[in-house]
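Peer 1: My structure is stored as query-v9.cif, with mmCIF, N, CA and C atoms.
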```cif
data_target
#
loop_
_atom_site.label_atom_id
_atom_site.label_comp_id
_atom_site.auth_asym_id
_atom_site.auth_seq_id
_atom_site.Cartn_x
_atom_site.Cartn_y
_atom_site.Cartn_z
N MET Z 1 0.81 -1.21 0.00
CA MET Z 1 0.00 0.00 0.00
C MET Z 1 0.85 1.26 0.00
N ASN Z 2 2.13 1.10 -0.14
CA ASN Z 2 3.03 2.25 -0.09
C ASN Z 2 2.78 3.27 -1.20
N ASN Z 3 2.33 2.80 -2.37
CA ASN Z 3 2.15 3.72 -3.49
C ASN Z 3 0.74 4.34 -3.51
N ILE Z 4 -0.10 3.99 -2.56
CA ILE Z 4 -1.44 4.56 -2.47
C ILE Z 4 -1.38 5.76 -1.53
N LYS Z 5 -1.71 6.92 -2.06
CA LYS Z 5 -1.60 8.15 -1.28
C LYS Z 5 -2.88 8.49 -0.51
N SER Z 6 -4.00 7.93 -0.99
CA SER Z 6 -5.30 8.24 -0.38
C SER Z 6 -6.25 7.07 -0.63
N TYR Z 7 -7.22 6.93 0.23
CA TYR Z 7 -8.25 5.91 0.01
C TYR Z 7 -8.98 6.17 -1.30
N LYS Z 8 -9.00 7.43 -1.74
CA LYS Z 8 -9.68 7.78 -2.99
C LYS Z 8 -8.99 7.20 -4.21
N ASP Z 9 -7.74 6.76 -4.05
CA ASP Z 9 -7.01 6.11 -5.14
C ASP Z 9 -7.41 4.65 -5.31
N LEU Z 10 -8.08 4.09 -4.32
CA LEU Z 10 -8.46 2.68 -4.35
C LEU Z 10 -9.65 2.45 -5.28
N LEU Z 11 -9.51 1.51 -6.20
CA LEU Z 11 -10.60 1.20 -7.12
C LEU Z 11 -11.82 0.67 -6.36
N ILE Z 12 -11.59 -0.03 -5.25
CA ILE Z 12 -12.72 -0.54 -4.47
C ILE Z 12 -13.53 0.60 -3.84
N TRP Z 13 -12.85 1.69 -3.49
CA TRP Z 13 -13.57 2.85 -2.95
C TRP Z 13 -14.34 3.54 -4.08
N GLN Z 14 -13.69 3.70 -5.23
CA GLN Z 14 -14.33 4.35 -6.38
C GLN Z 14 -15.57 3.59 -6.83
N LYS Z 15 -15.47 2.25 -6.89
CA LYS Z 15 -16.62 1.44 -7.27
C LYS Z 15 -17.70 1.53 -6.20
N GLY Z 16 -17.31 1.62 -4.94
CA GLY Z 16 -18.27 1.80 -3.86
C GLY Z 16 -19.10 3.06 -4.04
N ILE Z 17 -18.44 4.13 -4.44
CA ILE Z 17 -19.15 5.39 -4.71
C ILE Z 17 -20.14 5.21 -5.86
N LYS Z 18 -19.71 4.49 -6.89
CA LYS Z 18 -20.59 4.23 -8.04
C LYS Z 18 -21.83 3.46 -7.60
N ILE Z 19 -21.65 2.49 -6.72
CA ILE Z 19 -22.79 1.71 -6.23
C ILE Z 19 -23.75 2.60 -5.45
N VAL Z 20 -23.22 3.51 -4.64
CA VAL Z 20 -24.08 4.46 -3.91
C VAL Z 20 -24.96 5.23 -4.88
N ILE Z 21 -24.35 5.76 -5.92
CA ILE Z 21 -25.09 6.57 -6.90
C ILE Z 21 -26.17 5.73 -7.58
N LEU Z 22 -25.83 4.50 -7.96
CA LEU Z 22 -26.81 3.63 -8.62
C LEU Z 22 -27.97 3.28 -7.68
N VAL Z 23 -27.66 2.98 -6.43
CA VAL Z 23 -28.71 2.66 -5.45
C VAL Z 23 -29.63 3.86 -5.26
N TYR Z 24 -29.06 5.05 -5.13
CA TYR Z 24 -29.89 6.25 -4.96
C TYR Z 24 -30.81 6.45 -6.16
N LYS Z 25 -30.31 6.20 -7.36
CA LYS Z 25 -31.14 6.33 -8.56
C LYS Z 25 -32.27 5.31 -8.55
N LEU Z 26 -31.95 4.10 -8.13
CA LEU Z 26 -32.94 3.03 -8.13
C LEU Z 26 -34.05 3.27 -7.11
N VAL Z 27 -33.69 3.68 -5.90
CA VAL Z 27 -34.71 3.84 -4.85
C VAL Z 27 -35.56 5.10 -5.04
N LYS Z 28 -35.10 6.00 -5.89
CA LYS Z 28 -35.90 7.19 -6.20
C LYS Z 28 -37.28 6.81 -6.75
N LEU Z 29 -37.33 5.63 -7.35
CA LEU Z 29 -38.56 5.16 -7.97
C LEU Z 29 -39.43 4.32 -7.04
N PHE Z 30 -38.97 4.08 -5.81
CA PHE Z 30 -39.73 3.27 -4.86
C PHE Z 30 -40.97 4.04 -4.41
N PRO Z 31 -41.98 3.32 -3.93
CA PRO Z 31 -43.19 4.00 -3.41
C PRO Z 31 -42.85 4.92 -2.24
N GLN Z 32 -43.58 6.01 -2.14
CA GLN Z 32 -43.35 7.01 -1.09
C GLN Z 32 -43.43 6.41 0.31
N GLU Z 33 -44.32 5.44 0.51
CA GLU Z 33 -44.46 4.85 1.84
C GLU Z 33 -43.24 4.04 2.28
N GLU Z 34 -42.33 3.77 1.36
CA GLU Z 34 -41.09 3.05 1.69
C GLU Z 34 -39.94 4.00 2.03
N LEU Z 35 -40.20 5.29 2.03
CA LEU Z 35 -39.15 6.28 2.25
C LEU Z 35 -38.38 6.04 3.54
N TYR Z 36 -39.06 5.71 4.62
CA TYR Z 36 -38.40 5.54 5.90
C TYR Z 36 -38.18 4.07 6.25
N ALA Z 37 -38.41 3.20 5.30
CA ALA Z 37 -38.22 1.77 5.54
C ALA Z 37 -37.11 1.25 4.63
N LEU Z 38 -37.48 0.53 3.61
CA LEU Z 38 -36.50 -0.11 2.73
C LEU Z 38 -35.62 0.90 1.99
N THR Z 39 -36.19 2.00 1.57
CA THR Z 39 -35.41 3.03 0.88
C THR Z 39 -34.28 3.55 1.77
N SER Z 40 -34.62 3.89 2.98
CA SER Z 40 -33.63 4.41 3.93
C SER Z 40 -32.57 3.36 4.25
N GLN Z 41 -33.01 2.13 4.46
CA GLN Z 41 -32.08 1.04 4.79
C GLN Z 41 -31.09 0.80 3.64
N LEU Z 42 -31.59 0.81 2.42
CA LEU Z 42 -30.74 0.61 1.25
C LEU Z 42 -29.70 1.73 1.11
N LYS Z 43 -30.14 2.95 1.32
CA LYS Z 43 -29.21 4.08 1.22
C LYS Z 43 -28.11 3.98 2.26
N ARG Z 44 -28.48 3.64 3.49
CA ARG Z 44 -27.48 3.52 4.57
C ARG Z 44 -26.48 2.40 4.27
N ALA Z 45 -26.99 1.27 3.81
CA ALA Z 45 -26.10 0.15 3.50
C ALA Z 45 -25.15 0.51 2.35
N ALA Z 46 -25.67 1.20 1.34
CA ALA Z 46 -24.84 1.59 0.20
C ALA Z 46 -23.74 2.56 0.63
N VAL Z 47 -24.10 3.56 1.40
CA VAL Z 47 -23.13 4.55 1.87
C VAL Z 47 -22.07 3.89 2.76
N SER Z 48 -22.47 2.83 3.44
CA SER Z 48 -21.56 2.12 4.33
C SER Z 48 -20.38 1.49 3.59
N VAL Z 49 -20.58 1.08 2.35
CA VAL Z 49 -19.51 0.39 1.61
C VAL Z 49 -18.27 1.27 1.44
N PRO Z 50 -18.35 2.39 0.73
CA PRO Z 50 -17.13 3.20 0.59
C PRO Z 50 -16.70 3.86 1.90
N SER Z 51 -17.66 4.12 2.79
CA SER Z 51 -17.31 4.74 4.08
C SER Z 51 -16.42 3.83 4.91
N ASN Z 52 -16.74 2.54 4.94
CA ASN Z 52 -15.92 1.60 5.70
C ASN Z 52 -14.57 1.35 5.03
N ILE Z 53 -14.52 1.42 3.73
CA ILE Z 53 -13.23 1.31 3.03
C ILE Z 53 -12.35 2.49 3.42
N ALA Z 54 -12.92 3.68 3.43
CA ALA Z 54 -12.17 4.88 3.81
C ALA Z 54 -11.73 4.80 5.27
N GLU Z 55 -12.64 4.40 6.14
CA GLU Z 55 -12.29 4.32 7.56
C GLU Z 55 -11.20 3.28 7.81
N GLY Z 56 -11.33 2.13 7.16
CA GLY Z 56 -10.32 1.09 7.31
C GLY Z 56 -8.95 1.54 6.84
N TYR Z 57 -8.93 2.25 5.72
CA TYR Z 57 -7.67 2.79 5.21
C TYR Z 57 -7.05 3.73 6.23
N GLY Z 58 -7.87 4.52 6.86
CA GLY Z 58 -7.39 5.51 7.82
C GLY Z 58 -6.88 4.92 9.12
N ARG Z 59 -7.15 3.66 9.37
CA ARG Z 59 -6.70 3.02 10.61
C ARG Z 59 -5.21 2.67 10.58
N ASN Z 60 -4.63 2.65 9.39
CA ASN Z 60 -3.18 2.48 9.23
C ASN Z 60 -2.61 1.13 9.62
N THR Z 61 -3.44 0.10 9.78
CA THR Z 61 -2.90 -1.25 9.96
C THR Z 61 -3.64 -2.18 9.01
N ASP Z 62 -2.93 -3.14 8.47
CA ASP Z 62 -3.54 -4.09 7.54
C ASP Z 62 -4.66 -4.89 8.22
N LYS Z 63 -4.45 -5.27 9.47
CA LYS Z 63 -5.45 -6.06 10.20
C LYS Z 63 -6.75 -5.26 10.36
N SER Z 64 -6.63 -4.02 10.75
CA SER Z 64 -7.80 -3.17 10.93
C SER Z 64 -8.48 -2.89 9.59
N PHE Z 65 -7.67 -2.62 8.57
CA PHE Z 65 -8.21 -2.37 7.24
C PHE Z 65 -8.99 -3.59 6.77
N SER Z 66 -8.42 -4.76 6.96
CA SER Z 66 -9.08 -6.00 6.56
C SER Z 66 -10.43 -6.15 7.26
N HIS Z 67 -10.48 -5.80 8.54
CA HIS Z 67 -11.74 -5.86 9.29
C HIS Z 67 -12.80 -4.95 8.67
N PHE Z 68 -12.42 -3.73 8.31
CA PHE Z 68 -13.37 -2.80 7.70
C PHE Z 68 -13.77 -3.23 6.29
N LEU Z 69 -12.88 -3.91 5.59
CA LEU Z 69 -13.24 -4.46 4.28
C LEU Z 69 -14.30 -5.55 4.44
N ASP Z 70 -14.17 -6.34 5.51
CA ASP Z 70 -15.18 -7.36 5.80
C ASP Z 70 -16.54 -6.71 6.05
N ILE Z 71 -16.55 -5.60 6.75
CA ILE Z 71 -17.80 -4.88 7.01
C ILE Z 71 -18.39 -4.36 5.68
N SER Z 72 -17.52 -3.83 4.82
CA SER Z 72 -17.98 -3.34 3.52
C SER Z 72 -18.61 -4.47 2.70
N ARG Z 73 -17.96 -5.62 2.72
CA ARG Z 73 -18.49 -6.77 1.98
C ARG Z 73 -19.84 -7.19 2.56
N GLY Z 74 -19.97 -7.16 3.87
CA GLY Z 74 -21.26 -7.46 4.50
C GLY Z 74 -22.34 -6.49 4.06
N SER Z 75 -21.98 -5.23 3.94
CA SER Z 75 -22.95 -4.22 3.48
C SER Z 75 -23.38 -4.49 2.04
N LEU Z 76 -22.46 -4.98 1.22
CA LEU Z 76 -22.82 -5.33 -0.17
C LEU Z 76 -23.88 -6.44 -0.19
N PHE Z 77 -23.71 -7.44 0.67
CA PHE Z 77 -24.68 -8.53 0.73
C PHE Z 77 -26.01 -8.03 1.29
N GLU Z 78 -25.94 -7.07 2.19
CA GLU Z 78 -27.15 -6.46 2.73
C GLU Z 78 -27.91 -5.74 1.61
N ILE Z 79 -27.20 -4.97 0.81
CA ILE Z 79 -27.83 -4.25 -0.32
C ILE Z 79 -28.46 -5.25 -1.28
N GLU Z 80 -27.70 -6.27 -1.63
CA GLU Z 80 -28.19 -7.28 -2.57
C GLU Z 80 -29.48 -7.93 -2.05
N THR Z 81 -29.50 -8.31 -0.79
CA THR Z 81 -30.67 -8.93 -0.18
C THR Z 81 -31.87 -7.98 -0.20
N GLN Z 82 -31.64 -6.74 0.17
CA GLN Z 82 -32.72 -5.76 0.21
C GLN Z 82 -33.27 -5.47 -1.18
N LEU Z 83 -32.39 -5.46 -2.19
CA LEU Z 83 -32.85 -5.25 -3.56
C LEU Z 83 -33.68 -6.43 -4.06
N ILE Z 84 -33.29 -7.63 -3.67
CA ILE Z 84 -34.07 -8.81 -4.05
C ILE Z 84 -35.46 -8.72 -3.41
N ILE Z 85 -35.51 -8.33 -2.15
CA ILE Z 85 -36.80 -8.14 -1.47
C ILE Z 85 -37.63 -7.08 -2.19
N ALA Z 86 -36.99 -5.94 -2.49
CA ALA Z 86 -37.71 -4.85 -3.19
C ALA Z 86 -38.24 -5.32 -4.53
N ASN Z 87 -37.46 -6.12 -5.22
CA ASN Z 87 -37.90 -6.63 -6.52
C ASN Z 87 -39.09 -7.57 -6.35
N GLU Z 88 -39.03 -8.44 -5.35
CA GLU Z 88 -40.13 -9.37 -5.08
C GLU Z 88 -41.41 -8.62 -4.71
N LEU Z 89 -41.26 -7.47 -4.06
CA LEU Z 89 -42.41 -6.66 -3.66
C LEU Z 89 -42.92 -5.76 -4.80
N GLY Z 90 -42.22 -5.77 -5.93
CA GLY Z 90 -42.64 -4.99 -7.09
C GLY Z 90 -42.21 -3.54 -7.05
N PHE Z 91 -41.23 -3.22 -6.21
CA PHE Z 91 -40.76 -1.83 -6.09
C PHE Z 91 -39.76 -1.46 -7.18
N ILE Z 92 -39.13 -2.43 -7.81
CA ILE Z 92 -38.12 -2.17 -8.82
C ILE Z 92 -38.82 -1.88 -10.15
N LEU Z 93 -38.70 -0.66 -10.62
CA LEU Z 93 -39.36 -0.26 -11.86
C LEU Z 93 -38.39 -0.18 -13.04
N ASP Z 94 -37.10 -0.14 -12.77
CA ASP Z 94 -36.09 -0.07 -13.82
C ASP Z 94 -35.24 -1.34 -13.76
N GLU Z 95 -35.64 -2.32 -14.54
CA GLU Z 95 -34.98 -3.63 -14.54
C GLU Z 95 -33.52 -3.53 -14.98
N VAL Z 96 -33.23 -2.67 -15.93
CA VAL Z 96 -31.85 -2.50 -16.41
C VAL Z 96 -30.97 -1.97 -15.29
N LEU Z 97 -31.43 -0.95 -14.59
CA LEU Z 97 -30.68 -0.37 -13.48
C LEU Z 97 -30.52 -1.40 -12.35
N PHE Z 98 -31.57 -2.15 -12.08
CA PHE Z 98 -31.53 -3.21 -11.06
C PHE Z 98 -30.42 -4.21 -11.37
N LYS Z 99 -30.38 -4.69 -12.61
CA LYS Z 99 -29.34 -5.66 -13.01
C LYS Z 99 -27.95 -5.04 -12.96
N GLU Z 100 -27.85 -3.77 -13.31
CA GLU Z 100 -26.56 -3.07 -13.24
C GLU Z 100 -26.06 -2.99 -11.81
N VAL Z 101 -26.94 -2.65 -10.87
CA VAL Z 101 -26.54 -2.58 -9.46
C VAL Z 101 -26.08 -3.95 -8.98
N LEU Z 102 -26.83 -4.99 -9.29
CA LEU Z 102 -26.44 -6.34 -8.87
C LEU Z 102 -25.10 -6.75 -9.47
N SER Z 103 -24.87 -6.39 -10.71
CA SER Z 103 -23.59 -6.69 -11.36
C SER Z 103 -22.44 -5.95 -10.68
N GLN Z 104 -22.66 -4.68 -10.37
CA GLN Z 104 -21.63 -3.88 -9.70
C GLN Z 104 -21.34 -4.43 -8.30
N ILE Z 105 -22.37 -4.90 -7.61
CA ILE Z 105 -22.19 -5.49 -6.28
C ILE Z 105 -21.33 -6.74 -6.38
N GLU Z 106 -21.63 -7.58 -7.36
CA GLU Z 106 -20.86 -8.81 -7.54
C GLU Z 106 -19.39 -8.50 -7.84
N GLU Z 107 -19.18 -7.55 -8.73
CA GLU Z 107 -17.81 -7.15 -9.08
C GLU Z 107 -17.08 -6.54 -7.88
N GLU Z 108 -17.76 -5.69 -7.15
CA GLU Z 108 -17.16 -5.05 -5.98
C GLU Z 108 -16.79 -6.09 -4.92
N SER Z 109 -17.65 -7.07 -4.73
CA SER Z 109 -17.38 -8.12 -3.75
C SER Z 109 -16.11 -8.89 -4.11
N LYS Z 110 -15.97 -9.21 -5.38
CA LYS Z 110 -14.77 -9.91 -5.85
C LYS Z 110 -13.53 -9.05 -5.66
N MET Z 111 -13.66 -7.77 -5.96
CA MET Z 111 -12.52 -6.86 -5.82
C MET Z 111 -12.10 -6.73 -4.36
N ILE Z 112 -13.08 -6.61 -3.47
CA ILE Z 112 -12.77 -6.51 -2.04
C ILE Z 112 -12.11 -7.80 -1.55
N ASN Z 113 -12.63 -8.94 -1.97
CA ASN Z 113 -12.02 -10.22 -1.60
C ASN Z 113 -10.56 -10.28 -2.01
N SER Z 114 -10.31 -9.91 -3.24
CA SER Z 114 -8.95 -9.94 -3.77
C SER Z 114 -8.03 -8.98 -3.02
N PHE Z 115 -8.53 -7.77 -2.80
CA PHE Z 115 -7.72 -6.76 -2.10
C PHE Z 115 -7.45 -7.20 -0.66
N SER Z 116 -8.45 -7.77 -0.04
CA SER Z 116 -8.31 -8.23 1.34
C SER Z 116 -7.24 -9.31 1.46
N LYS Z 117 -7.16 -10.19 0.47
CA LYS Z 117 -6.15 -11.25 0.46
C LYS Z 117 -4.74 -10.66 0.41
N THR Z 118 -4.57 -9.56 -0.30
CA THR Z 118 -3.24 -8.95 -0.37
C THR Z 118 -2.83 -8.37 0.98
N LEU Z 119 -3.80 -7.94 1.78
CA LEU Z 119 -3.50 -7.40 3.10
C LEU Z 119 -3.10 -8.51 4.07
N LYS Z 120 -3.64 -9.68 3.86
CA LYS Z 120 -3.39 -10.80 4.78
C LYS Z 120 -2.13 -11.58 4.44
N SER Z 121 -1.58 -11.34 3.25
CA SER Z 121 -0.38 -12.09 2.87
C SER Z 121 0.91 -11.38 3.20
#
```
Here is the file; what I need is its structure written in the form of structure tokens.
Peer 2:
Amino acid sequence: MNNIKSYKDLLIWQKGIKIVILVYKLVKLFPQEELYALTSQLKRAAVSVPSNIAEGYGRNTDKSFSHFLDISRGSLFEIETQLIIANELGFILDEVLFKEVLSQIEEESKMINSFSKTLKS
């Protein structure tokens, strides 16, 4: 990690930000009565991904960073689960965007796994 000057240089952080933006676009179309329920939960989980990557980077130890990457990965699975629920409930109105978010989540999870392995070796 010597050549990384900021958490913002990390591709996993950048992709995390992209996922946040996609989730916000997707939930904009949810029913109004879900504003304080599933919509809010999805937004918090999405924001948690890059936030925990940044916080872990700031801890300055590989062990601590790895722990925060695990939390980020957990948040990705939380988002995925909540989106599946939203889709089952008929809240997903943009199927293309839905599939894009799921694809980005899968890619981000793989990237975090790979990056985490480099910290542990």
Peer 1: List the neighbours of Ser66 (chain Z) out to 7 Å using all atoms listed in the file; skip same-chain residues closer than 3 positions along the sequence, and give me the result as a ChimeraX atom specification.
Peer 2: /Z:56,61-63,69-71,116,119
Peer 1: For the provided coordinates, the residues matched by the PyMOL selection byres (((chain Z and resi 7 and name CA) around 8) and name CA) should be stated as a VMD selection string.
Peer 2: chain Z and resid 4 to 6 8 to 10 13 53 to 54 57 to 58
Peer 1: Next, write the just-selected residues to a file, as a PDB file, in the frame of the given file, keeping N, CA and C atoms as the atom set.
Peer 2:
```pdb
ATOM      1  N   ILE Z   4      -0.100   3.990  -2.560  1.00  0.00           N
ATOM      2  CA  ILE Z   4      -1.440   4.560  -2.470  1.00  0.00           C
ATOM      3  C   ILE Z   4      -1.380   5.760  -1.530  1.00  0.00           C
ATOM      4  N   LYS Z   5      -1.710   6.920  -2.060  1.00  0.00           N
ATOM      5  CA  LYS Z   5      -1.600   8.150  -1.280  1.00  0.00           C
ATOM      6  C   LYS Z   5      -2.880   8.490  -0.510  1.00  0.00           C
ATOM      7  N   SER Z   6      -4.000   7.930  -0.990  1.00  0.00           N
ATOM      8  CA  SER Z   6      -5.300   8.240  -0.380  1.00  0.00           C
ATOM      9  C   SER Z   6      -6.250   7.070  -0.630  1.00  0.00           C
ATOM     10  N   LYS Z   8      -9.000   7.430  -1.740  1.00  0.00           N
ATOM     11  CA  LYS Z   8      -9.680   7.780  -2.990  1.00  0.00           C
ATOM     12  C   LYS Z   8      -8.990   7.200  -4.210  1.00  0.00           C
ATOM     13  N   ASP Z   9      -7.740   6.760  -4.050  1.00  0.00           N
ATOM     14  CA  ASP Z   9      -7.010   6.110  -5.140  1.00  0.00           C
ATOM     15  C   ASP Z   9      -7.410   4.650  -5.310  1.00  0.00           C
ATOM     16  N   LEU Z  10      -8.080   4.090  -4.320  1.00  0.00           N
ATOM     17  CA  LEU Z  10      -8.460   2.680  -4.350  1.00  0.00           C
ATOM     18  C   LEU Z  10      -9.650   2.450  -5.280  1.00  0.00           C
ATOM     19  N   TRP Z  13     -12.850   1.690  -3.490  1.00  0.00           N
ATOM     20  CA  TRP Z  13     -13.570   2.850  -2.950  1.00  0.00           C
ATOM     21  C   TRP Z  13     -14.340   3.540  -4.080  1.00  0.00           C
ATOM     22  N   ILE Z  53     -14.520   1.420   3.730  1.00  0.00           N
ATOM     23  CA  ILE Z  53     -13.230   1.310   3.030  1.00  0.00           C
ATOM     24  C   ILE Z  53     -12.350   2.490   3.420  1.00  0.00           C
ATOM     25  N   ALA Z  54     -12.920   3.680   3.430  1.00  0.00           N
ATOM     26  CA  ALA Z  54     -12.170   4.880   3.810  1.00  0.00           C
ATOM     27  C   ALA Z  54     -11.730   4.800   5.270  1.00  0.00           C
ATOM     28  N   TYR Z  57      -8.930   2.250   5.720  1.00  0.00           N
ATOM     29  CA  TYR Z  57      -7.670   2.790   5.210  1.00  0.00           C
ATOM     30  C   TYR Z  57      -7.050   3.730   6.230  1.00  0.00           C
ATOM     31  N   GLY Z  58      -7.870   4.520   6.860  1.00  0.00           N
ATOM     32  CA  GLY Z  58      -7.390   5.510   7.820  1.00  0.00           C
ATOM     33  C   GLY Z  58      -6.880   4.920   9.120  1.00  0.00           C
TER      34      GLY Z  58
END
```
Peer 1: Nearest to Glu78 (chain Z): which of Z:Leu35, Z:Leu97, Z:Ile19, Z:Leu42 is it, counting all atoms listed in the file?
Peer 2: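 Between Z:Leu35, Z:Leu97, Z:Ile19, Z:Leu42, the residue approaching Glu78 (chain Z) most closely is Z:Leu42.
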Peer 1: Can you list, as a PyMOL selection string, every protein, DNA or RNA residue that comes within 8 Å of Phe77 (chain Z) when you count only N, CA and C atoms, leaving out same-chain residues fewer than 6 positions away?
Peer 2: chain Z and resi 71+83+105+109
Peer 1: Ranking Z:Arg73, Z:Lys15, Z:Lys43, Z:Lys25 by minimum distance to Leu93 (chain Z) and counting only C-alpha atoms, which one comes first?
Peer 2: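 So, comparing all the options, the nearest one is Z:Lys25.
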Peer 1: Hey, can you pull every residue with an atom no more than 7 Å from (-21.0, 3.0, -2.4), using only C-alpha atoms, and send it as an mmCIF file with N, CA and C atoms, in the coordinates of the input?
Peer 2:
```cif
data_model
loop_
_atom_site.group_PDB
_atom_site.id
_atom_site.type_symbol
_atom_site.label_atom_id
_atom_site.label_comp_id
_atom_site.auth_asym_id
_atom_site.auth_seq_id
_atom_site.Cartn_x
_atom_site.Cartn_y
_atom_site.Cartn_z
ATOM 1 N N LYS Z 15 -15.470 2.250 -6.890
ATOM 2 C CA LYS Z 15 -16.620 1.440 -7.270
ATOM 3 C C LYS Z 15 -17.700 1.530 -6.200
ATOM 4 N N GLY Z 16 -17.310 1.620 -4.940
ATOM 5 C CA GLY Z 16 -18.270 1.800 -3.860
ATOM 6 C C GLY Z 16 -19.100 3.060 -4.040
ATOM 7 N N ILE Z 17 -18.440 4.130 -4.440
ATOM 8 C CA ILE Z 17 -19.150 5.390 -4.710
ATOM 9 C C ILE Z 17 -20.140 5.210 -5.860
ATOM 10 N N LYS Z 18 -19.710 4.490 -6.890
ATOM 11 C CA LYS Z 18 -20.590 4.230 -8.040
ATOM 12 C C LYS Z 18 -21.830 3.460 -7.600
ATOM 13 N N ILE Z 19 -21.650 2.490 -6.720
ATOM 14 C CA ILE Z 19 -22.790 1.710 -6.230
ATOM 15 C C ILE Z 19 -23.750 2.600 -5.450
ATOM 16 N N VAL Z 20 -23.220 3.510 -4.640
ATOM 17 C CA VAL Z 20 -24.080 4.460 -3.910
ATOM 18 C C VAL Z 20 -24.960 5.230 -4.880
ATOM 19 N N ALA Z 46 -25.670 1.200 1.340
ATOM 20 C CA ALA Z 46 -24.840 1.590 0.200
ATOM 21 C C ALA Z 46 -23.740 2.560 0.630
ATOM 22 N N VAL Z 47 -24.100 3.560 1.400
ATOM 23 C CA VAL Z 47 -23.130 4.550 1.870
ATOM 24 C C VAL Z 47 -22.070 3.890 2.760
ATOM 25 N N SER Z 48 -22.470 2.830 3.440
ATOM 26 C CA SER Z 48 -21.560 2.120 4.330
ATOM 27 C C SER Z 48 -20.380 1.490 3.590
ATOM 28 N N VAL Z 49 -20.580 1.080 2.350
ATOM 29 C CA VAL Z 49 -19.510 0.390 1.610
ATOM 30 C C VAL Z 49 -18.270 1.270 1.440
ATOM 31 N N PRO Z 50 -18.350 2.390 0.730
ATOM 32 C CA PRO Z 50 -17.130 3.200 0.590
ATOM 33 C C PRO Z 50 -16.700 3.860 1.900
#
```
Peer 1: Determine the residue set returned by the PyMOL selection byres (((chain Z and resi 100 and name CA) around 12) and name CA) for the present structure, and present it as a PyMOL selection string.
Peer 2: chain Z and resi 18-19+21-23+25-26+80+83+94-99+101-107
Peer 1: For atom C of Ile12 (chain Z) and atom N of Ile85 (chain Z), determine how far apart the two atoms are, in Å to one decimal place.
Peer 2: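 It comes out at 23.8 Å.
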Peer 1: DSSP on the backbone: what in region 7-50 of chain Z comes out alpha helix (DSSP H), as a PyMOL selection string?
Peer 2: chain Z and resi 11-27+38-50
Peer 1: Between CA of Leu76 (chain Z) and CA of Ala45 (chain Z), what is the distance, to one decimal in Å?
Peer 2: 7.4 Å
Peer 1: Please report the interatomic distance between atom N of Asn3 (chain Z) and atom N of Ser72 (chain Z) in Å with one decimal.
Peer 2: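 So the two atoms, atom N of Asn3 (chain Z) and atom N of Ser72 (chain Z), lie 22.1 Å apart.
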